[in-house]
Every structure is written in C-alpha cells, then in structure tokens.
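**Student:** Sharing start31.cif (mmCIF, C-alpha atoms) below.
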data_run
#
loop_
_atom_site.group_PDB
_atom_site.id
_atom_site.type_symbol
_atom_site.label_atom_id
_atom_site.label_comp_id
_atom_site.auth_asym_id
_atom_site.auth_seq_id
_atom_site.Cartn_x
_atom_site.Cartn_y
_atom_site.Cartn_z
ATOM 1 C CA ASN A 4 89.691 110.322 117.111
ATOM 2 C CA ALA A 5 90.556 106.620 116.866
ATOM 3 C CA GLY A 6 90.970 106.422 113.064
ATOM 4 C CA VAL A 7 91.234 102.767 111.982
ATOM 5 C CA THR A 8 90.998 100.172 114.740
ATOM 6 C CA GLN A 9 91.896 96.517 114.263
ATOM 7 C CA THR A 10 91.324 93.612 116.618
ATOM 8 C CA PRO A 11 92.950 91.427 117.722
ATOM 9 C CA LYS A 12 96.505 92.755 117.619
ATOM 10 C CA PHE A 13 98.007 89.300 118.085
ATOM 11 C CA GLN A 14 96.622 85.813 117.460
ATOM 12 C CA VAL A 15 98.068 82.317 117.338
ATOM 13 C CA LEU A 16 96.069 79.659 115.533
ATOM 14 C CA LYS A 17 96.501 75.999 114.770
ATOM 15 C CA THR A 18 96.257 74.808 111.181
ATOM 16 C CA GLY A 19 92.611 74.387 110.218
ATOM 17 C CA GLN A 20 91.190 76.753 112.814
ATOM 18 C CA SER A 21 89.080 79.690 111.771
ATOM 19 C CA MET A 22 89.096 83.274 112.927
ATOM 20 C CA THR A 23 87.894 86.747 111.998
ATOM 21 C CA LEU A 24 89.914 89.938 112.025
ATOM 22 C CA GLN A 25 87.801 92.952 112.806
ATOM 23 C CA CYS A 26 88.323 96.460 111.452
ATOM 24 C CA ALA A 27 86.396 99.643 112.136
ATOM 25 C CA GLN A 28 86.967 103.232 111.040
ATOM 26 C CA ASP A 29 85.383 106.369 112.416
ATOM 27 C CA MET A 30 86.315 108.764 109.608
ATOM 28 C CA ASN A 31 83.190 108.209 107.494
ATOM 29 C CA HIS A 32 85.331 106.753 104.731
ATOM 30 C CA ASN A 33 83.743 105.014 101.761
ATOM 31 C CA SER A 34 86.438 102.511 100.857
ATOM 32 C CA MET A 35 88.145 99.922 103.033
ATOM 33 C CA TYR A 36 90.972 97.479 102.369
ATOM 34 C CA TRP A 37 92.712 94.458 103.834
ATOM 35 C CA TYR A 38 96.426 93.986 103.188
ATOM 36 C CA ARG A 39 98.980 91.498 104.323
ATOM 37 C CA GLN A 40 102.654 92.256 104.757
ATOM 38 C CA ASP A 41 105.306 89.564 104.565
ATOM 39 C CA PRO A 42 109.085 89.958 104.654
ATOM 40 C CA GLY A 43 110.404 90.924 101.218
ATOM 41 C CA MET A 44 106.895 91.051 99.733
ATOM 42 C CA GLY A 45 105.742 94.545 100.572
ATOM 43 C CA LEU A 46 102.033 95.188 101.016
ATOM 44 C CA ARG A 47 99.691 92.901 99.108
ATOM 45 C CA LEU A 48 95.996 93.588 98.746
ATOM 46 C CA ILE A 49 93.731 90.751 99.847
ATOM 47 C CA TYR A 50 90.256 92.246 99.422
ATOM 48 C CA TYR A 51 88.779 95.683 99.237
ATOM 49 C CA SER A 52 85.393 97.320 99.498
ATOM 50 C CA ALA A 53 84.996 100.410 97.345
ATOM 51 C CA SER A 54 81.739 101.309 99.056
ATOM 52 C CA GLU A 55 79.251 99.874 101.518
ATOM 53 C CA GLY A 56 77.653 96.776 100.059
ATOM 54 C CA THR A 57 80.455 95.919 97.622
ATOM 55 C CA THR A 58 83.564 93.796 97.946
ATOM 56 C CA ASP A 59 86.189 92.788 95.405
ATOM 57 C CA LYS A 60 89.220 90.554 95.281
ATOM 58 C CA GLY A 61 92.710 91.951 95.406
ATOM 59 C CA GLU A 62 96.004 90.271 94.526
ATOM 60 C CA VAL A 63 95.942 87.421 97.069
ATOM 61 C CA PRO A 64 92.310 86.570 97.991
ATOM 62 C CA ASN A 65 92.592 82.781 98.224
ATOM 63 C CA GLY A 66 91.832 81.413 101.676
ATOM 64 C CA TYR A 67 90.046 84.570 102.820
ATOM 65 C CA ASN A 68 86.548 85.966 102.925
ATOM 66 C CA VAL A 69 85.383 89.454 103.800
ATOM 67 C CA SER A 70 82.245 91.182 104.965
ATOM 68 C CA ARG A 71 81.472 94.874 104.735
ATOM 69 C CA LEU A 72 79.088 94.897 107.662
ATOM 70 C CA ASN A 73 78.250 98.590 107.365
ATOM 71 C CA LYS A 74 80.076 101.745 106.357
ATOM 72 C CA ARG A 75 82.311 101.586 109.430
ATOM 73 C CA GLU A 76 83.246 97.929 109.606
ATOM 74 C CA PHE A 77 85.088 95.534 107.303
ATOM 75 C CA SER A 78 86.018 92.083 108.577
ATOM 76 C CA LEU A 79 88.428 89.491 107.212
ATOM 77 C CA ARG A 80 87.775 85.800 107.851
ATOM 78 C CA LEU A 81 90.107 82.848 107.595
ATOM 79 C CA GLU A 82 87.903 79.765 107.326
ATOM 80 C CA SER A 83 90.670 77.179 107.623
ATOM 81 C CA ALA A 84 93.961 78.742 108.575
ATOM 82 C CA ALA A 85 97.184 77.547 106.951
ATOM 83 C CA PRO A 86 100.812 78.254 107.920
ATOM 84 C CA SER A 87 101.147 80.276 104.679
ATOM 85 C CA GLN A 88 98.708 82.769 106.199
ATOM 86 C CA THR A 89 101.145 83.655 108.954
ATOM 87 C CA SER A 90 101.572 87.361 108.361
ATOM 88 C CA VAL A 91 100.861 90.865 109.581
ATOM 89 C CA TYR A 92 97.475 92.068 108.428
ATOM 90 C CA PHE A 93 96.588 95.710 107.932
ATOM 91 C CA CYS A 94 93.212 97.270 107.476
ATOM 92 C CA ALA A 95 93.015 100.630 105.718
ATOM 93 C CA SER A 96 90.384 103.103 104.630
ATOM 94 C CA THR A 97 90.026 106.105 102.365
ATOM 95 C CA LEU A 98 87.416 108.693 101.535
ATOM 96 C CA TRP A 99 87.894 108.008 97.841
ATOM 97 C CA SER A 100 85.364 109.787 95.657
ATOM 98 C CA GLY A 101 87.243 109.664 92.360
ATOM 99 C CA ALA A 102 89.131 112.820 93.158
ATOM 100 C CA GLY A 103 92.039 113.442 95.488
ATOM 101 C CA THR A 104 95.147 111.425 96.072
ATOM 102 C CA GLY A 105 93.530 108.264 97.369
ATOM 103 C CA GLU A 106 95.509 108.520 100.598
ATOM 104 C CA LEU A 107 94.953 105.477 102.770
ATOM 105 C CA PHE A 108 94.742 105.509 106.547
ATOM 106 C CA PHE A 109 96.003 102.334 108.162
ATOM 107 C CA GLY A 110 95.330 100.499 111.377
ATOM 108 C CA GLU A 111 98.162 99.342 113.611
ATOM 109 C CA GLY A 112 98.142 95.809 112.263
ATOM 110 C CA SER A 113 97.234 92.327 113.452
ATOM 111 C CA ARG A 114 100.037 89.794 113.769
ATOM 112 C CA LEU A 115 98.762 86.312 113.007
ATOM 113 C CA THR A 116 100.749 83.117 113.491
ATOM 114 C CA VAL A 117 99.441 79.795 112.191
ATOM 115 C CA LEU A 118 101.172 76.726 113.622
ATOM 116 C CA ASP B 5 101.300 95.095 84.156
ATOM 117 C CA GLN B 6 101.699 98.039 86.472
ATOM 118 C CA GLN B 7 104.787 97.908 88.592
ATOM 119 C CA VAL B 8 106.449 100.070 91.151
ATOM 120 C CA LYS B 9 110.034 99.270 91.990
ATOM 121 C CA GLN B 10 112.173 100.384 94.888
ATOM 122 C CA ASN B 11 115.496 98.878 93.949
ATOM 123 C CA SER B 12 117.334 99.662 97.159
ATOM 124 C CA PRO B 13 116.120 97.474 100.051
ATOM 125 C CA SER B 14 118.095 99.519 102.551
ATOM 126 C CA LEU B 15 119.904 102.823 102.969
ATOM 127 C CA SER B 16 122.100 104.130 105.760
ATOM 128 C CA VAL B 17 122.949 107.822 106.232
ATOM 129 C CA GLN B 18 124.462 110.033 108.894
ATOM 130 C CA GLU B 19 122.301 112.375 110.912
ATOM 131 C CA GLY B 20 122.158 115.802 109.299
ATOM 132 C CA ARG B 21 122.942 114.533 105.802
ATOM 133 C CA ILE B 22 120.536 114.060 102.901
ATOM 134 C CA SER B 23 118.607 110.825 102.431
ATOM 135 C CA ILE B 24 117.486 110.010 98.877
ATOM 136 C CA LEU B 25 115.032 107.207 98.335
ATOM 137 C CA ASN B 26 114.217 106.158 94.799
ATOM 138 C CA CYS B 27 111.235 104.663 93.048
ATOM 139 C CA ASP B 28 110.726 103.591 89.416
ATOM 140 C CA TYR B 29 107.398 102.888 87.795
ATOM 141 C CA THR B 30 105.964 101.475 84.581
ATOM 142 C CA ASN B 31 102.450 102.934 84.497
ATOM 143 C CA SER B 32 102.249 106.259 82.667
ATOM 144 C CA MET B 33 98.600 106.750 83.614
ATOM 145 C CA PHE B 34 98.994 107.355 87.307
ATOM 146 C CA ASP B 35 97.350 110.334 88.969
ATOM 147 C CA TYR B 36 99.457 110.553 92.079
ATOM 148 C CA PHE B 37 102.393 108.928 93.709
ATOM 149 C CA LEU B 38 102.278 108.613 97.454
ATOM 150 C CA TRP B 39 105.057 108.008 99.946
ATOM 151 C CA TYR B 40 104.350 106.204 103.169
ATOM 152 C CA LYS B 41 106.518 105.740 106.225
ATOM 153 C CA LYS B 42 106.319 102.673 108.434
ATOM 154 C CA TYR B 43 107.791 102.092 111.870
ATOM 155 C CA PRO B 44 108.059 98.540 113.283
ATOM 156 C CA ALA B 45 104.837 97.250 114.835
ATOM 157 C CA GLU B 46 102.837 100.161 113.430
ATOM 158 C CA GLY B 47 100.737 100.696 110.336
ATOM 159 C CA PRO B 48 102.068 102.772 107.434
ATOM 160 C CA THR B 49 101.398 106.494 107.651
ATOM 161 C CA PHE B 50 101.091 108.881 104.761
ATOM 162 C CA LEU B 51 104.092 111.146 104.288
ATOM 163 C CA ILE B 52 103.817 113.123 101.064
ATOM 164 C CA SER B 53 102.359 112.846 97.582
ATOM 165 C CA ILE B 54 103.005 114.231 94.127
ATOM 166 C CA SER B 55 100.580 114.794 91.302
ATOM 167 C CA SER B 56 101.377 113.586 87.800
ATOM 168 C CA ILE B 57 101.184 117.190 86.566
ATOM 169 C CA LYS B 58 103.949 118.406 88.861
ATOM 170 C CA ASP B 59 107.695 117.923 88.986
ATOM 171 C CA LYS B 60 108.219 118.635 92.641
ATOM 172 C CA ASN B 61 106.358 118.765 95.912
ATOM 173 C CA GLU B 62 107.863 119.969 99.140
ATOM 174 C CA ASP B 63 106.714 119.621 102.745
ATOM 175 C CA GLY B 64 109.183 120.747 105.352
ATOM 176 C CA ARG B 65 112.220 118.463 105.285
ATOM 177 C CA PHE B 66 110.617 116.187 102.690
ATOM 178 C CA THR B 67 110.677 116.812 98.935
ATOM 179 C CA VAL B 68 109.456 114.555 96.159
ATOM 180 C CA PHE B 69 110.864 114.923 92.649
ATOM 181 C CA LEU B 70 109.154 113.410 89.632
ATOM 182 C CA ASN B 71 110.932 112.718 86.340
ATOM 183 C CA LYS B 72 108.205 111.555 83.959
ATOM 184 C CA SER B 73 110.505 110.947 81.003
ATOM 185 C CA ALA B 74 112.561 108.534 83.104
ATOM 186 C CA LYS B 75 109.509 107.195 84.991
ATOM 187 C CA HIS B 76 111.382 107.859 88.171
ATOM 188 C CA LEU B 77 110.667 109.623 91.414
ATOM 189 C CA SER B 78 112.752 110.300 94.456
ATOM 190 C CA LEU B 79 112.109 111.338 98.039
ATOM 191 C CA HIS B 80 114.674 113.660 99.595
ATOM 192 C CA ILE B 81 114.914 114.101 103.349
ATOM 193 C CA VAL B 82 117.042 117.046 104.438
ATOM 194 C CA PRO B 83 118.403 117.070 107.064
ATOM 195 C CA SER B 84 117.966 113.470 108.071
ATOM 196 C CA GLN B 85 117.170 112.751 111.706
ATOM 197 C CA PRO B 86 117.348 109.512 113.715
ATOM 198 C CA GLY B 87 113.549 109.576 114.022
ATOM 199 C CA ASP B 88 113.359 109.221 110.236
ATOM 200 C CA SER B 89 114.643 105.649 110.554
ATOM 201 C CA ALA B 90 111.783 103.592 109.131
ATOM 202 C CA VAL B 91 110.694 101.712 106.035
ATOM 203 C CA TYR B 92 109.530 103.966 103.212
ATOM 204 C CA PHE B 93 107.070 102.786 100.581
ATOM 205 C CA CYS B 94 106.119 104.500 97.354
ATOM 206 C CA ALA B 95 102.722 103.736 95.816
ATOM 207 C CA ASP B 96 101.015 104.507 92.509
ATOM 208 C CA SER B 97 97.482 105.865 92.874
ATOM 209 C CA ASN B 98 95.268 105.726 89.806
ATOM 210 C CA ALA B 99 91.595 106.647 89.778
ATOM 211 C CA GLY B 100 91.119 104.290 86.859
ATOM 212 C CA ASN B 101 92.231 101.453 89.109
ATOM 213 C CA ASN B 102 89.672 102.199 91.807
ATOM 214 C CA ARG B 103 92.468 103.775 93.805
ATOM 215 C CA LYS B 104 93.955 100.357 94.504
ATOM 216 C CA LEU B 105 97.443 101.470 95.286
ATOM 217 C CA ILE B 106 100.299 99.677 93.548
ATOM 218 C CA TRP B 107 103.070 99.419 96.116
ATOM 219 C CA GLY B 108 106.817 99.164 95.953
ATOM 220 C CA LEU B 109 108.552 96.715 98.292
ATOM 221 C CA GLY B 110 109.956 99.468 100.490
ATOM 222 C CA THR B 111 113.350 100.859 101.445
ATOM 223 C CA SER B 112 114.566 100.589 105.011
ATOM 224 C CA LEU B 113 116.262 103.831 106.028
ATOM 225 C CA ALA B 114 118.648 103.959 108.974
ATOM 226 C CA VAL B 115 119.774 107.386 110.125
ATOM 227 C CA ASN B 116 122.796 107.073 112.376
ATOM 228 C CA PRO B 117 123.502 109.634 115.118
#
Please, can you express the file's structure as structure tokens?
**Tutor:**
Amino acid sequence: NAGVTQTPKFQVLKTGQSMTLQCAQDMNHNSMYWYRQDPGMGLRLIYYSASEGTTDKGEVPNGYNVSRLNKREFSLRLESAAPSQTSVYFCASTLWSGAGTGELFFGEGSRLTVL
Amino acid sequence: DQQVKQNSPSLSVQEGRISILNCDYTNSMFDYFLWYKKYPAEGPTFLISISSIKDKNEDGRFTVFLNKSAKHLSLHIVPSQPGDSAVYFCADSNAGNNRKLIWGLGTSLAVNP
C-alpha cells in the first residue's frame, strides 16, 4: 500500500521556469492538500481540494495553481518559479466526511530549489 | 483568528525520562487536536489525537492532556526513547473549517542516550 506518492522528490529550477509537482493517493480519500514547509514557518496550506472537482485557496496560494485531475491525483504547478518558492512541499490526503478526526496522511515531500 | 502556538521551539531530555510538549490554542470551537511527528526528510505522520469532549487520551507511551479552561494541551512521552527524536506538531481540526488543520510551528525534541 503506497499511501501518498509525490514526484519528483528533488528539483532545481531557474527563476522563471515552470514545473508541476505530482501527487497521487491510493486510499480512496476525498480530500487532498498541498502544503509548504519553511524553516520557522511550520506547515502552510497552499491549496486544497475537498472533493473531486473542487479546489480552494489556502493561506499562501499566490504563484501556484492546482488541478484535481481525478479522485486519486492532485497536482501543484508553479508557472514562473521565484526564489521565494524554494521550500519543501508536502501533499496530503484525508477521507474527510464531516466526521472523524480529519487525520491527514502525508507524502514524503518534494524539495524544490529555485535559483 | 484561529491560532495554535507551540512556544518551545526545542526540547532536550534524557532517555528514559518524561518528555512534555505543550500547545496553546485560541479557537474554542475545535473538534479534535492532533499531534504529528516528523523525522527529517520525511512527511509528518499522525501520532495521537484528542477529542474536545475528553480530558485525556492515552496510546502506549503517549498521552495527551487537554485543559479547556486554559486552552492548553500537552503531549507526554514516557519513557522517552532516542527514536522519539523528531519535530512534533500540534494541529486544530475543526469540521466547520473544512478540516483545514491549523498548525503550530512545531517543537524539536532531542532524546539523548
């Protein structure tokens, strides 16, 4: 059981380049999330998708776009990368149905460096 | 504005002793608080949760205590082991917020042999 899988694990970009981070989960979860983690900043929500076909902004959406391709997959796109987007990105999912704890399952992370 | 605060960025304890990690919150409408553990170069993993209707939840060496009047919760690890060395995050989970977790900044725990 793979859980949440993110690709790539590492990427170096030049300022202005574009790229897409891919995320897939095999747990039949409804909701998916993209976070970034920076030193001293904790985990900050970029975008989330409460269910297939919907996406919403989180705390720090500027400079990013997302696509909920199907129930399994949720991608994060940087159209024109900036050094401020150097970070570790985490994808997460949950079976949220209004009940339960809302426990999130995380991928291993994607370390992105923008030069 | 909902906030979750972990005021201690780091904590160091001896193996076998108790580790106590603290978390303060402002939102009185939460449903659950969750604790996550994160090792370097890995994603966070769920550790333990506590419901707003309980004062305590225990799972093996890990116990969460909730003090609603003080808006404070704490995670106790007894006995601490070197493998517990990690960053610990607490997070507020509220169904009214679409389960968008509100995260603390984390506490880095070092358990010394």
**Student:** Please determine the contact residues of chain B with respect to chain A at a cut-off of 9 Å, counting only C-alpha atoms, and supply them as a ChimeraX atom specification.
**Tutor:** /B:13,35-38,45-50,53-55,93,97-100,102-110
**Student:** Dump as a list of chain:residue names all residues having an atom at most 9 Å from (92.9, 88.3, 97.7), computed in the file's coordinates with all atoms listed in the file.
**Tutor:** A:Trp37, A:Tyr38, A:Arg47, A:Leu48, A:Ile49, A:Tyr50, A:Tyr51, A:Asp59, A:Lys60, A:Gly61, A:Glu62, A:Val63, A:Pro64, A:Asn65, A:Gly66, A:Tyr67, A:Asn68
**Student:** Save out the residues we just selected, C-alpha atoms, as a PDB file, in the coordinates of the input.
**Tutor:**
ATOM      1  CA  TRP A  37      92.712  94.458 103.834  1.00  0.00           C
ATOM      2  CA  TYR A  38      96.426  93.986 103.188  1.00  0.00           C
ATOM      3  CA  ARG A  47      99.691  92.901  99.108  1.00  0.00           C
ATOM      4  CA  LEU A  48      95.996  93.588  98.746  1.00  0.00           C
ATOM      5  CA  ILE A  49      93.731  90.751  99.847  1.00  0.00           C
ATOM      6  CA  TYR A  50      90.256  92.246  99.422  1.00  0.00           C
ATOM      7  CA  TYR A  51      88.779  95.683  99.237  1.00  0.00           C
ATOM      8  CA  ASP A  59      86.189  92.788  95.405  1.00  0.00           C
ATOM      9  CA  LYS A  60      89.220  90.554  95.281  1.00  0.00           C
ATOM     10  CA  GLY A  61      92.710  91.951  95.406  1.00  0.00           C
ATOM     11  CA  GLU A  62      96.004  90.271  94.526  1.00  0.00           C
ATOM     12  CA  VAL A  63      95.942  87.421  97.069  1.00  0.00           C
ATOM     13  CA  PRO A  64      92.310  86.570  97.991  1.00  0.00           C
ATOM     14  CA  ASN A  65      92.592  82.781  98.224  1.00  0.00           C
ATOM     15  CA  GLY A  66      91.832  81.413 101.676  1.00  0.00           C
ATOM     16  CA  TYR A  67      90.046  84.570 102.820  1.00  0.00           C
ATOM     17  CA  ASN A  68      86.548  85.966 102.925  1.00  0.00           C
TER      18      ASN A  68
END
**Student:** I'd like to see the residues matched by the PyMOL selection byres ((chain A and resi 22) around 10) on this file, and ideally I'd get them as an NGL selection string.
**Tutor:** :A and (14 or 16 or 19-21 or 23-25 or 79-84)
**Student:** Please compute the atom CA of Val117 of chain A-atom CA of Thr89 of chain A distance, one decimal, in Å.
**Tutor:**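 About the pair atom CA of Val117 of chain A and atom CA of Thr89 of chain A: they are 5.3 Å apart.
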**Student:** Specify the axis-aligned box that encloses all atoms of segment 11-16 of chain A listed in the file after padding of 3 Å on each side, stating its centre and edge lengths in Å to one decimal as AutoDock Vina command-line options.
**Tutor:**
--center_x 95.5 --center_y 86.2 --center_z 116.8 --size_x 11.1 --size_y 19.1 --size_z 8.6
**Student:** What does the distance from atom CA of Ser84 of chain B to atom CA of Arg65 of chain B come to in Å, to one decimal?
**Tutor:**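 Value for the atom CA of Ser84 of chain B-atom CA of Arg65 of chain B distance: 8.1 Å.
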**Student:** Can you list what the PyMOL selection byres ((chain A and resi 75) around 9) grabs from this structure, as a ChimeraX atom specification?
**Tutor:** /A:26-33,35,55,71-74,76-77
**Student:** Would you kindly translate the PyMOL selection byres ((chain B and resi 26) around 9) into the concrete residues it picks from this file, as a count of residues only?
**Tutor:** 15
**Student:** As a list in words, please: the residues near Val17 of chain B (cut-off 8 Å, all atoms listed in the file, same-chain neighbours under 6 positions excluded).
**Tutor:** Ser23, Ser84, Leu113, Ala114, Val115 and Asn116 of chain B
**Student:** Skip Thr67 of chain B itself and residues of its chain fewer than 3 positions away, then list as JSON, numbers by chain all residues within 8 Å of it, counting only C-alpha atoms.
**Tutor:** {"B": [60, 61, 62, 63, 64, 79, 80, 81]}
**Student:** Using all atoms listed in the file, which of A:Ser90, A:Lys17, A:Leu118, A:Ser52 sits nearest Ser78 of chain A?
**Tutor:**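 Of A:Ser90, A:Lys17, A:Leu118, A:Ser52, the one nearest Ser78 of chain A, counting all atoms listed in the file, is A:Ser52.
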**Student:** How many Å separate atom CA of Ala85 of chain A from atom CA of Gln9 of chain A?
**Tutor:** 21.0 Å
**Student:** Given all atoms listed in the file as the basis, pick out the residue of A:Thr18, A:Ser87, A:Ser54, A:Ser70 nearest to Asp41 of chain A.
**Tutor:**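 Of the candidates, the smallest distance to Asp41 of chain A is held by A:Ser87.
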